[in-house]
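J.: entry_15.csv is the file, holding CSV, C-alpha atoms and all ligand atoms:
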```csv
chain,number,residue,atom,x,y,z
A,1414,MET,CA,104.3,48.7,-25.2
A,1415,THR,CA,108.0,47.8,-24.9
A,1416,ALA,CA,110.7,50.1,-26.2
A,1417,VAL,CA,114.3,49.9,-27.3
A,1418,VAL,CA,116.0,53.2,-26.5
A,1419,GLU,CA,119.5,54.7,-26.9
A,1420,THR,CA,120.6,57.6,-24.9
A,1421,ASP,CA,123.7,59.2,-23.3
A,1422,VAL,CA,122.7,58.9,-19.7
A,1423,ALA,CA,120.0,56.6,-18.1
A,1424,ILE,CA,118.7,58.0,-14.8
A,1425,ILE,CA,117.1,55.4,-12.6
A,1426,GLY,CA,114.5,57.3,-10.4
A,1427,ALA,CA,112.3,60.3,-11.1
A,1428,GLY,CA,112.5,61.7,-7.6
A,1429,PRO,CA,113.7,65.3,-7.0
A,1430,VAL,CA,117.3,64.3,-7.4
A,1431,GLY,CA,116.8,62.3,-10.6
A,1432,LEU,CA,114.9,65.2,-12.1
A,1433,PHE,CA,117.6,67.7,-11.3
A,1434,ALA,CA,120.1,65.3,-12.8
A,1435,VAL,CA,118.2,65.7,-16.1
A,1436,PHE,CA,118.8,69.4,-15.9
A,1437,GLU,CA,122.5,69.1,-15.1
A,1438,CYS,CA,123.1,66.6,-17.8
A,1439,GLY,CA,121.1,68.7,-20.2
A,1440,MET,CA,123.3,71.8,-19.5
A,1441,LEU,CA,126.2,69.7,-20.6
A,1442,ARG,CA,124.3,68.6,-23.8
A,1443,MET,CA,123.9,65.0,-22.7
A,1444,LYS,CA,120.6,63.3,-23.6
A,1445,THR,CA,118.7,61.5,-20.8
A,1446,VAL,CA,116.1,58.9,-20.2
A,1447,VAL,CA,114.5,58.6,-16.8
A,1448,ILE,CA,112.9,55.4,-15.6
A,1449,ASP,CA,110.7,55.0,-12.5
A,1450,ALA,CA,108.6,52.3,-11.0
A,1451,LEU,CA,105.9,54.9,-10.2
A,1452,GLU,CA,103.4,56.2,-12.8
A,1453,GLU,CA,104.0,59.8,-11.6
A,1454,ILE,CA,107.3,61.7,-11.3
A,1455,GLY,CA,108.4,63.1,-7.9
A,1456,GLY,CA,109.6,60.1,-5.8
A,1457,GLN,CA,109.0,60.6,-2.1
A,1458,CYS,CA,107.9,64.2,-2.5
A,1459,ALA,CA,105.0,63.3,-4.7
A,1460,ALA,CA,104.2,59.9,-3.3
A,1461,LEU,CA,104.6,60.5,0.4
A,1462,TYR,CA,104.1,64.2,1.2
A,1463,PRO,CA,102.8,66.2,-1.8
A,1464,GLU,CA,101.0,68.8,0.4
A,1465,LYS,CA,103.6,69.1,3.2
A,1466,PRO,CA,105.7,72.2,3.2
A,1467,ILE,CA,109.5,71.8,2.8
A,1468,PHE,CA,111.5,74.6,4.4
A,1469,ASP,CA,115.1,73.9,3.5
A,1470,ILE,CA,115.2,74.2,-0.3
A,1471,PRO,CA,117.4,77.2,-1.1
A,1472,ALA,CA,115.5,80.3,-2.2
A,1473,HIS,CA,112.2,78.7,-1.3
A,1474,PRO,CA,111.3,79.7,2.2
A,1475,GLU,CA,108.5,77.2,2.0
A,1476,ILE,CA,107.4,74.9,-0.8
A,1477,ALA,CA,105.0,72.0,-0.9
A,1478,GLY,CA,106.4,68.6,-2.1
A,1479,ALA,CA,104.2,68.6,-5.2
A,1480,ASP,CA,105.1,72.2,-6.1
A,1481,LEU,CA,108.8,71.5,-5.8
A,1482,ILE,CA,108.4,68.6,-8.3
A,1483,ALA,CA,106.4,70.7,-10.6
A,1484,GLN,CA,109.1,73.3,-10.6
A,1485,LEU,CA,111.8,70.7,-11.2
A,1486,HIS,CA,109.8,69.3,-14.1
A,1487,LYS,CA,109.6,72.7,-15.6
A,1488,GLN,CA,113.3,73.3,-15.1
A,1489,CYS,CA,114.3,70.1,-16.9
A,1490,ALA,CA,111.6,70.2,-19.6
A,1491,PRO,CA,113.7,72.2,-22.1
A,1492,PHE,CA,116.0,69.1,-22.4
A,1493,ASN,CA,113.1,66.8,-23.4
A,1494,PRO,CA,114.0,63.9,-21.2
A,1495,LEU,CA,112.2,60.6,-22.2
A,1496,LEU,CA,110.3,59.7,-19.0
A,1497,MET,CA,109.6,56.0,-18.9
A,1498,MET,CA,107.2,55.7,-16.0
A,1499,GLY,CA,105.4,52.7,-14.4
A,1500,ARG,CA,108.3,50.3,-14.9
A,1501,ARG,CA,111.1,49.1,-12.7
A,1502,VAL,CA,114.7,48.7,-13.8
A,1503,ASP,CA,115.3,45.1,-13.1
A,1504,ALA,CA,118.7,44.5,-14.7
A,1505,LEU,CA,121.8,46.5,-15.4
A,1506,ARG,CA,124.8,45.1,-17.3
A,1507,GLN,CA,127.9,46.4,-19.0
A,1508,GLU,CA,128.2,46.1,-22.8
A,1509,GLY,CA,131.3,47.4,-24.5
A,1510,ASP,CA,131.9,50.9,-23.3
A,1511,GLY,CA,128.4,51.4,-22.2
A,1512,PHE,CA,125.5,49.8,-20.3
A,1513,VAL,CA,122.2,48.0,-21.0
A,1514,LEU,CA,119.2,48.3,-18.7
A,1515,ALA,CA,116.2,46.0,-18.8
A,1516,THR,CA,112.8,47.0,-17.3
A,1517,SER,CA,110.0,45.1,-15.8
A,1518,THR,CA,107.8,45.9,-18.8
A,1519,GLY,CA,110.4,44.5,-21.3
A,1520,ASP,CA,112.1,47.7,-22.4
A,1521,THR,CA,115.8,47.9,-23.3
A,1522,ILE,CA,117.8,51.1,-22.7
A,1523,ARG,CA,121.3,51.4,-24.0
A,1524,CYS,CA,123.4,54.2,-22.6
A,1525,LYS,CA,126.9,55.5,-22.1
A,1526,ALA,CA,126.5,56.2,-18.4
A,1527,VAL,CA,124.0,55.4,-15.6
A,1528,VAL,CA,122.9,57.6,-12.7
A,1529,VAL,CA,121.2,55.7,-10.0
A,1530,ALA,CA,118.9,58.2,-8.2
A,1531,ALA,CA,116.7,55.4,-6.7
A,1532,GLY,CA,116.1,56.8,-3.2
A,1533,ALA,CA,115.4,53.9,-0.9
A,1534,GLY,CA,114.4,51.7,-3.8
A,1535,ALA,CA,111.4,51.3,-6.2
A,1536,PHE,CA,108.0,52.3,-4.9
A,1537,GLY,CA,105.5,49.5,-5.2
A,1538,PRO,CA,102.1,48.6,-3.8
A,1539,ASN,CA,101.8,46.8,-0.5
A,1540,ARG,CA,100.3,43.5,-1.5
A,1541,PRO,CA,97.8,41.5,0.6
A,1542,PRO,CA,99.2,38.1,1.7
A,1543,LEU,CA,96.8,36.0,-0.3
A,1544,ASP,CA,97.3,32.6,-2.0
A,1545,ARG,CA,97.2,32.7,-5.9
A,1546,LEU,CA,97.8,36.5,-5.9
A,1547,ALA,CA,100.3,36.4,-8.8
A,1548,GLU,CA,97.8,34.4,-10.9
A,1549,PHE,CA,95.1,37.0,-10.7
A,1550,GLU,CA,97.6,40.0,-10.8
A,1551,ALA,CA,98.8,38.7,-14.2
A,1552,THR,CA,95.3,38.9,-15.7
A,1553,GLY,CA,94.3,42.2,-14.1
A,1554,GLY,CA,91.8,40.5,-11.8
A,1555,VAL,CA,93.7,42.0,-8.9
A,1556,ARG,CA,95.0,45.5,-9.3
A,1557,TYR,CA,96.6,48.2,-7.1
A,1558,MET,CA,95.7,51.2,-9.2
A,1559,VAL,CA,93.2,52.4,-11.7
A,1560,SER,CA,94.7,53.5,-15.0
A,1561,ARG,CA,91.5,53.2,-17.1
A,1562,ARG,CA,88.3,53.8,-15.2
A,1563,GLU,CA,86.3,52.3,-18.2
A,1564,ASP,CA,87.8,48.8,-17.5
A,1565,PHE,CA,85.4,48.6,-14.6
A,1566,ARG,CA,82.2,49.5,-16.4
A,1567,GLY,CA,79.5,46.8,-15.7
A,1568,LYS,CA,81.9,44.9,-13.5
A,1569,GLN,CA,81.7,43.6,-9.9
A,1570,VAL,CA,84.4,45.4,-8.0
A,1571,VAL,CA,85.7,44.7,-4.5
A,1572,ILE,CA,87.8,47.6,-3.1
A,1573,ALA,CA,90.0,46.9,-0.1
A,1574,GLY,CA,91.5,49.6,2.2
A,1575,GLY,CA,90.4,52.5,4.3
A,1576,GLY,CA,92.4,55.5,3.0
A,1577,ASP,CA,91.7,58.2,0.4
A,1578,SER,CA,92.4,56.0,-2.6
A,1579,ALA,CA,90.0,53.2,-1.6
A,1580,VAL,CA,87.2,55.7,-0.7
A,1581,ASP,CA,87.7,58.0,-3.7
A,1582,TRP,CA,87.7,55.1,-6.2
A,1583,ALA,CA,84.6,53.5,-4.5
A,1584,LEU,CA,82.7,56.8,-5.0
A,1585,SER,CA,83.9,57.1,-8.6
A,1586,LEU,CA,83.4,53.5,-9.7
A,1587,LYS,CA,79.9,53.2,-8.2
A,1588,GLN,CA,78.8,55.3,-11.2
A,1589,ILE,CA,79.8,52.8,-13.8
A,1590,ALA,CA,80.4,49.4,-12.1
A,1591,ALA,CA,77.7,46.8,-11.7
A,1592,LYS,CA,78.5,46.6,-8.0
A,1593,VAL,CA,81.1,48.1,-5.6
A,1594,THR,CA,81.9,46.4,-2.3
A,1595,VAL,CA,84.3,48.2,0.1
A,1596,VAL,CA,86.2,45.9,2.5
A,1597,HIS,CA,87.7,47.5,5.6
A,1598,ARG,CA,88.6,46.0,9.0
A,1599,ARG,CA,87.1,48.8,11.0
A,1600,ASP,CA,84.3,51.3,10.9
A,1601,LYS,CA,86.6,54.4,10.7
A,1602,PHE,CA,88.1,55.5,7.4
A,1603,ARG,CA,91.5,57.3,7.1
A,1604,CYS,CA,90.3,59.7,4.4
A,1605,ALA,CA,89.0,63.2,4.0
A,1606,PRO,CA,85.9,63.6,6.3
A,1607,GLU,CA,83.8,64.7,3.4
A,1608,SER,CA,84.6,61.6,1.4
A,1609,ALA,CA,83.9,59.4,4.4
A,1610,ALA,CA,80.4,61.1,4.7
A,1611,GLN,CA,79.7,60.5,1.0
A,1612,LEU,CA,80.7,56.9,1.3
A,1613,LYS,CA,78.3,56.4,4.2
A,1614,GLN,CA,75.5,58.1,2.3
A,1615,ALA,CA,76.2,56.0,-0.8
A,1616,ALA,CA,76.0,52.8,1.4
A,1617,GLU,CA,72.7,54.0,2.9
A,1618,ARG,CA,71.3,54.5,-0.6
A,1619,GLY,CA,72.5,51.0,-1.5
A,1620,GLU,CA,74.9,52.2,-4.1
A,1621,ILE,CA,77.9,50.7,-2.3
A,1622,GLU,CA,78.1,47.7,-0.1
A,1623,LEU,CA,80.3,48.0,3.0
A,1624,ALA,CA,81.9,44.8,4.3
A,1625,ILE,CA,83.0,45.9,7.8
A,1626,PRO,CA,84.8,44.6,9.9
A,1627,TYR,CA,86.2,42.2,7.3
A,1628,GLN,CA,89.7,41.5,5.9
A,1629,LEU,CA,90.7,39.8,2.7
A,1630,HIS,CA,90.8,36.1,3.1
A,1631,GLY,CA,91.1,34.4,-0.3
A,1632,LEU,CA,90.7,34.7,-4.1
A,1633,GLU,CA,88.4,32.5,-6.1
A,1634,GLY,CA,88.3,31.7,-9.8
A,1635,GLU,CA,89.8,29.6,-12.6
A,1636,GLY,CA,92.2,30.2,-15.4
A,1637,GLY,CA,93.1,33.6,-14.0
A,1638,GLN,CA,89.5,34.8,-14.2
A,1639,LEU,CA,88.6,36.1,-10.8
A,1640,THR,CA,85.0,35.2,-9.7
A,1641,GLY,CA,85.0,36.0,-6.0
A,1642,VAL,CA,86.8,37.4,-3.1
A,1643,SER,CA,86.4,35.7,0.3
A,1644,LEU,CA,86.4,37.8,3.4
A,1645,ALA,CA,86.9,37.0,7.0
A,1646,THR,CA,86.2,38.7,10.3
A,1647,LEU,CA,88.8,38.5,13.2
A,1648,LYS,CA,86.4,36.0,14.8
A,1649,GLY,CA,86.8,33.8,11.7
A,1650,GLU,CA,83.4,34.3,10.1
A,1651,VAL,CA,83.9,33.9,6.3
A,1652,LYS,CA,81.8,35.1,3.4
A,1653,THR,CA,82.4,35.3,-0.3
A,1654,VAL,CA,81.6,38.3,-2.4
A,1655,PRO,CA,81.3,37.8,-6.2
A,1656,ALA,CA,83.9,39.9,-8.0
A,1657,ASP,CA,85.5,40.4,-11.4
A,1658,HIS,CA,88.2,42.7,-9.9
A,1659,LEU,CA,89.8,43.3,-6.6
A,1660,LEU,CA,91.4,46.7,-6.1
A,1661,ALA,CA,93.7,46.6,-3.1
A,1662,PHE,CA,94.7,50.0,-1.7
A,1663,PHE,CA,97.1,49.4,1.1
A,1664,GLY,CA,99.6,52.1,0.4
A,1665,LEU,CA,103.1,52.1,-1.1
A,1666,SER,CA,106.4,50.7,0.2
A,1667,MET,CA,109.9,51.1,-1.0
A,1668,GLU,CA,112.1,48.1,-1.9
A,1669,LEU,CA,115.7,48.2,-3.0
A,1670,GLY,CA,114.9,45.1,-5.0
A,1671,PRO,CA,117.2,44.3,-8.0
A,1672,ILE,CA,119.7,47.1,-7.3
A,1673,ALA,CA,121.2,44.9,-4.6
A,1674,ASP,CA,122.2,42.4,-7.4
A,1675,TRP,CA,124.1,44.9,-9.6
A,1676,GLY,CA,127.5,44.5,-7.9
A,1677,LEU,CA,127.5,48.1,-6.7
A,1678,GLY,CA,129.1,47.5,-3.3
A,1679,LEU,CA,126.1,48.2,-1.0
A,1680,GLU,CA,126.8,49.5,2.5
A,1681,ARG,CA,123.7,48.8,4.6
A,1682,SER,CA,121.3,49.3,1.6
A,1683,HIS,CA,123.1,52.3,0.3
A,1684,ILE,CA,125.6,52.7,-2.6
A,1685,ALA,CA,129.1,53.9,-1.6
A,1686,VAL,CA,130.4,56.5,-4.0
A,1687,THR,CA,133.5,58.7,-4.4
A,1688,PRO,CA,132.2,62.0,-3.1
A,1689,ALA,CA,133.7,64.2,-5.8
A,1690,THR,CA,132.2,62.3,-8.7
A,1691,CYS,CA,129.5,60.2,-7.1
A,1692,GLU,CA,130.9,57.3,-9.1
A,1693,THR,CA,130.3,53.8,-7.7
A,1694,THR,CA,132.8,50.9,-7.8
A,1695,ILE,CA,131.8,50.4,-11.5
A,1696,PRO,CA,133.2,53.2,-13.7
A,1697,GLY,CA,130.3,54.9,-15.6
A,1698,ILE,CA,127.7,54.1,-12.9
A,1699,HIS,CA,127.1,57.0,-10.5
A,1700,ALA,CA,124.7,57.1,-7.6
A,1701,ILE,CA,123.2,60.3,-6.2
A,1702,GLY,CA,120.5,61.4,-3.7
A,1703,ASP,CA,119.2,59.2,-0.8
A,1704,ILE,CA,120.7,56.0,-2.2
A,1705,ALA,CA,124.3,57.3,-2.2
A,1706,THR,CA,126.5,57.3,0.8
A,1707,TYR,CA,130.0,58.7,1.7
A,1708,PRO,CA,131.5,60.2,4.8
A,1709,GLY,CA,129.4,63.3,5.8
A,1710,LYS,CA,126.4,62.4,3.6
A,1711,LEU,CA,123.2,64.2,4.6
A,1712,LYS,CA,120.0,62.7,3.2
A,1713,LEU,CA,118.7,66.1,2.1
A,1714,ILE,CA,117.3,67.1,-1.3
A,1715,LEU,CA,119.7,70.0,-1.5
A,1716,GLN,CA,122.7,67.7,-1.1
A,1717,GLY,CA,121.3,65.5,-3.8
A,1718,PHE,CA,121.1,68.5,-6.2
A,1719,SER,CA,124.8,69.1,-5.7
A,1720,GLU,CA,125.6,65.5,-6.3
A,1721,ALA,CA,123.6,65.6,-9.6
A,1722,ALA,CA,125.9,68.5,-10.8
A,1723,MET,CA,129.1,66.6,-9.7
A,1724,ALA,CA,127.9,63.4,-11.4
A,1725,ALA,CA,127.0,65.1,-14.6
A,1726,HIS,CA,130.4,66.8,-14.9
A,1727,ALA,CA,132.2,63.5,-14.1
A,1728,ILE,CA,130.1,61.7,-16.8
A,1729,HIS,CA,130.8,64.3,-19.6
A,1730,PRO,CA,134.1,62.8,-20.8
A,1731,ARG,CA,132.5,59.4,-21.3
A,1732,VAL,CA,129.8,60.9,-23.5
A,1733,PHE,CA,132.1,63.3,-25.3
A,1734,PRO,CA,135.6,61.7,-25.2
A,1735,GLY,CA,138.4,64.0,-26.0
A,1736,GLU,CA,136.2,67.1,-25.8
A,1737,ALA,CA,137.4,69.6,-23.2
A,1738,LEU,CA,134.8,70.6,-20.6
A,1739,HIS,CA,135.1,74.3,-19.7
A,1740,PHE,CA,133.3,75.1,-16.5
A,1741,GLU,CA,130.6,77.8,-17.2
A,1742,TYR,CA,127.9,79.4,-15.2
A,1743,SER,CA,124.3,79.0,-16.5
A,1744,THR,CA,124.1,82.8,-16.6
A,1745,SER,CA,127.0,82.9,-19.1
A,1746,LYS,CA,126.0,80.2,-21.5
A,1747,GLY,CA,122.2,80.1,-21.1
A,1748,LEU,CA,120.2,76.9,-21.9
A,1749,PRO,CA,121.8,74.8,-24.6
A,1750,ALA,CA,119.4,73.5,-27.3
A,1751,ALA,CA,117.9,70.1,-26.4
A,1752,GLY,CA,119.7,67.2,-28.2
A,1801,LIG,P1,113.3,59.4,-4.0
A,1801,LIG,O1,112.5,60.7,-3.8
A,1801,LIG,O2,113.2,58.3,-3.0
A,1801,LIG,O3,113.0,58.9,-5.5
A,1801,LIG,C1,113.5,57.7,-5.9
A,1801,LIG,C2,112.7,57.2,-7.1
A,1801,LIG,O4,113.4,56.1,-7.6
A,1801,LIG,C3,111.3,56.6,-6.6
A,1801,LIG,O5,110.3,57.3,-7.4
A,1801,LIG,C4,111.4,55.1,-6.9
A,1801,LIG,O6,110.2,54.6,-7.4
A,1801,LIG,C5,112.5,55.1,-8.0
A,1801,LIG,N1,113.2,53.8,-8.1
A,1801,LIG,C6,113.9,53.2,-7.2
A,1801,LIG,N2,114.4,52.0,-7.7
A,1801,LIG,C7,114.0,51.9,-8.9
A,1801,LIG,C8,114.1,50.9,-10.0
A,1801,LIG,N3,114.9,49.8,-9.8
A,1801,LIG,N4,113.5,51.1,-11.1
A,1801,LIG,C9,112.7,52.2,-11.3
A,1801,LIG,N5,112.5,53.2,-10.4
A,1801,LIG,C10,113.2,53.0,-9.2
A,1801,LIG,N6,114.2,66.2,2.5
A,1801,LIG,C11,114.6,67.5,2.6
A,1801,LIG,O7,115.6,67.9,2.1
A,1801,LIG,N7,113.8,68.4,3.3
A,1801,LIG,C12,112.6,68.0,3.9
A,1801,LIG,O8,112.0,68.8,4.6
A,1801,LIG,C13,112.2,66.7,3.8
A,1801,LIG,N8,111.0,66.3,4.4
A,1801,LIG,C14,110.6,65.0,4.2
A,1801,LIG,C15,109.4,64.5,4.7
A,1801,LIG,C16,109.0,63.2,4.6
A,1801,LIG,C17,107.6,62.8,5.2
A,1801,LIG,C18,109.8,62.3,3.9
A,1801,LIG,C19,109.4,60.9,3.8
A,1801,LIG,C20,111.0,62.7,3.4
A,1801,LIG,C21,111.4,64.0,3.5
A,1801,LIG,N9,112.7,64.4,3.0
A,1801,LIG,C22,113.0,65.8,3.1
A,1801,LIG,C23,113.6,63.5,2.3
A,1801,LIG,C24,113.5,63.7,0.8
A,1801,LIG,O9,112.1,63.5,0.4
A,1801,LIG,C25,114.4,62.7,0.1
A,1801,LIG,O10,115.8,63.1,0.5
A,1801,LIG,C26,114.3,62.8,-1.4
A,1801,LIG,O11,113.1,62.5,-1.8
A,1801,LIG,C27,115.4,61.9,-2.0
A,1801,LIG,O12,115.2,62.1,-3.4
A,1801,LIG,P2,115.8,61.0,-4.4
A,1801,LIG,O13,115.4,61.6,-5.8
A,1801,LIG,O14,117.2,60.6,-4.1
A,1801,LIG,O15,114.9,59.7,-4.1
```
For this file, write the structure as C-alpha cells.
T.:
Amino acid sequence: MTAVVETDVAIIGAGPVGLFAVFECGMLRMKTVVIDALEEIGGQCAALYPEKPIFDIPAHPEIAGADLIAQLHKQCAPFNPLLMMGRRVDALRQEGDGFVLATSTGDTIRCKAVVVAAGAGAFGPNRPPLDRLAEFEATGGVRYMVSRREDFRGKQVVIAGGGDSAVDWALSLKQIAAKVTVVHRRDKFRCAPESAAQLKQAAERGEIELAIPYQLHGLEGEGGQLTGVSLATLKGEVKTVPADHLLAFFGLSMELGPIADWGLGLERSHIAVTPATCETTIPGIHAIGDIATYPGKLKLILQGFSEAAMAAHAIHPRVFPGEALHFEYSTSKGLPAAG
C-alpha cells in the first residue's frame, strides 16, 4: 500500500548508523521516518553477518551483528520512528524549504531535512541473466523472497540456488506446494549440513526433485503467467520444468542506484560532507555512515554513530527555526517524549 507521509527528518537506510540517527534526532525532539530497500532493519550487520562477533563497539567487548541491531532498535523504539521497509528511495527533490522523497513502491515522504545513511547503496537480490525476467517479476512469477508462504500452496515451484535460503525454502514449501524442483549447478550445497542432509532425504523420498548440475536457461509463459523454466547443463543439454513460480536465491548485492542522480557531489561512489555537520553540498541533506566521506574518515560503525549525533544537532535549527539548542547530556535530560 502506498503512503503519503510528513516528518521532520527522513533517514534513508536502516543500517546501524541510520537506526542510531533515529535516536539522536529523537533526543532533539525531531520525528523520523526510516526507509530501506530491505524487508528487515540492520543493513550490512543483519544482511551480511548477523552471527559474526563485532569487537570494536564501545562498551561491548563482543556483540553479534544481529544483537547490535536488536539493541539499536530497542534504543530508538521510544521515539516511534516510522519504518518503511522493502522499498527503495528512488527520487529526492527540494520543495520550498524542505524535501520530497519518492519510493519504488509509490510512497511520498515530505520532510524538513534528509539524512542519507545508505551504506554502499540499496541491497537488492542478484538477478539471473534471463530474457523476459522483468515481465515475470512484475506478475510475481519470478520472486527473490517469500513474504507469504501460502502463495505457493498447490503450485509448481522451481527454486534456484545452493545456499541456506534455497534449501530452507525447498524443505518448507514441499509441505504445501504441488511440486518443488531445486536447481543447482553442482552437487554440493552451501548450507547447514543438517539442511543438506534433509534435502537429500526428501529427494530420495520423491518429495523434492533435484535438477543437478543445471543452471537457469530461460522462462516460458504468456501474458506474464509463468508456465515453465528451462534449464541447461554446462554441456548444453536443455530441459524444461513446468513451473508457476521461480524462486531465485542468489544472494544480495549493494547498488548505489538512484543516489548517484541526486546531485550530491559523489567522490568515487561516496558522498563528500563537511565533517562537523555531515552536510552535503545541498543544505538540509546530510550523509552519515559508510556512504559519507571526508578527510580522515574511517568506515566503522562507531564513527557513523558520532556522525549521527553531529548531523542531528546540525539539522535541529531547520526543524525548530529560532529555537536555541542548549547542549545537554542524556543523563541530565532523560528521554524526551516521542513526538
Ligand atoms: P549499511 O549497514 O550498509 O546500511 C545501509 C542501508 O541503506 C542498507 O540496508 C540499504 O538497503 C539501505 N539503502 C541504501 N540505499 C537505499 C535507497 N536508495 N533506498 C532505501 N534504502 C537504501 N564495522 C565495524 O565497525 N566493526 C566490524 O567489526 C565490522 N565488521 C564487518 C564485517 C563484515 C563481514 C562486513 C561486510 C562489514 C563489517 N563492518 C564492520 C562494516 C559495518 O558493517 C559498516 O560500517 C556499517 O554497516 C555501515 O552502516 P551504515 O548504516 O552506514 O550502512
J.: Counting all atoms listed in the file, which residues have an atom no more than 9 Å from (106.0, 54.4, -13.1) in the file's coordinates? Please list them as number ranges by chain.
T.: A: 1427, 1448-1454, 1497-1501, 1536
J.: For the selection just defined, write its residues with C-alpha atoms to a file, as a PDB file, keeping the file's coordinate frame.
T.:
```pdb
ATOM      1  CA  ALA A1427     112.300  60.300 -11.100  1.00  0.00           C
ATOM      2  CA  ILE A1448     112.900  55.400 -15.600  1.00  0.00           C
ATOM      3  CA  ASP A1449     110.700  55.000 -12.500  1.00  0.00           C
ATOM      4  CA  ALA A1450     108.600  52.300 -11.000  1.00  0.00           C
ATOM      5  CA  LEU A1451     105.900  54.900 -10.200  1.00  0.00           C
ATOM      6  CA  GLU A1452     103.400  56.200 -12.800  1.00  0.00           C
ATOM      7  CA  GLU A1453     104.000  59.800 -11.600  1.00  0.00           C
ATOM      8  CA  ILE A1454     107.300  61.700 -11.300  1.00  0.00           C
ATOM      9  CA  MET A1497     109.600  56.000 -18.900  1.00  0.00           C
ATOM     10  CA  MET A1498     107.200  55.700 -16.000  1.00  0.00           C
ATOM     11  CA  GLY A1499     105.400  52.700 -14.400  1.00  0.00           C
ATOM     12  CA  ARG A1500     108.300  50.300 -14.900  1.00  0.00           C
ATOM     13  CA  ARG A1501     111.100  49.100 -12.700  1.00  0.00           C
ATOM     14  CA  PHE A1536     108.000  52.300  -4.900  1.00  0.00           C
TER      15      PHE A1536
END
```
J.: Could you pull out the residues sitting within 7 Å of ligand LIG 1801 (chain A), using all atoms listed in the file, and write them as number ranges by chain?
T.: A: 1425-1431, 1448-1451, 1454-1458, 1461-1462, 1467-1470, 1500-1503, 1530-1536, 1669-1672, 1701-1704, 1712-1715, 1717
J.: Go through stretch 1593-1635 of chain A and flag each residue having an atom no more than 9 Å from stretch 1562-1580 of chain A; for those, report the closest pair of atoms plus their distance in Å to one decimal, using only C-alpha atoms, ordered by chain and rising number, as a Markdown table.
T.:
```
| residue | atom | partner | partner_atom | distance |
| --- | --- | --- | --- | --- |
| A:Val1593 | CA | A:Val1570 | CA | 4.9 |
| A:Thr1594 | CA | A:Val1571 | CA | 4.7 |
| A:Val1595 | CA | A:Ile1572 | CA | 4.8 |
| A:Val1596 | CA | A:Ala1573 | CA | 4.7 |
| A:His1597 | CA | A:Gly1574 | CA | 5.5 |
| A:Arg1598 | CA | A:Gly1575 | CA | 8.2 |
| A:Arg1599 | CA | A:Gly1575 | CA | 8.3 |
| A:Lys1601 | CA | A:Gly1575 | CA | 7.7 |
| A:Phe1602 | CA | A:Gly1575 | CA | 4.9 |
| A:Arg1603 | CA | A:Gly1576 | CA | 4.6 |
| A:Cys1604 | CA | A:Asp1577 | CA | 4.5 |
| A:Ala1605 | CA | A:Asp1577 | CA | 6.7 |
| A:Ser1608 | CA | A:Val1580 | CA | 6.8 |
| A:Ala1609 | CA | A:Val1580 | CA | 7.1 |
| A:Leu1612 | CA | A:Val1580 | CA | 6.9 |
| A:Gln1628 | CA | A:Ala1573 | CA | 8.1 |
| A:Leu1629 | CA | A:Ala1573 | CA | 7.7 |
```
J.: In Å, how far is it from atom CA of A:Pro1749 to atom CA of A:Leu1441?
T.: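 Atom-to-atom, atom CA of A:Pro1749 and atom CA of A:Leu1441 are spaced 7.8 Å apart.
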J.: Closest to A:Arg1540 among A:Glu1692, A:Val1528, A:Leu1659, A:Ile1476, using only C-alpha atoms?
T.: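 Using only C-alpha atoms, the shortest distance to A:Arg1540 belongs to A:Leu1659.
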J.: Using all atoms listed in the file, which of A:Ile1482, A:Met1558, A:Leu1711, A:Ile1695 sits nearest A:Gln1507?
T.: A:Ile1695
J.: Determine the nearest neighbour of A:Met1723 from the options A:Val1651, A:Cys1438, A:Ala1624, A:Val1513, counting only C-alpha atoms.
T.: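 When distances to A:Met1723 are compared using only C-alpha atoms, the smallest one comes from A:Cys1438.
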J.: Rounded to one decimal in Å, what is the spacing between atom CA of A:Thr1694 and atom CA of A:Leu1677?
T.: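 Distance between the two atoms: 6.1 Å.
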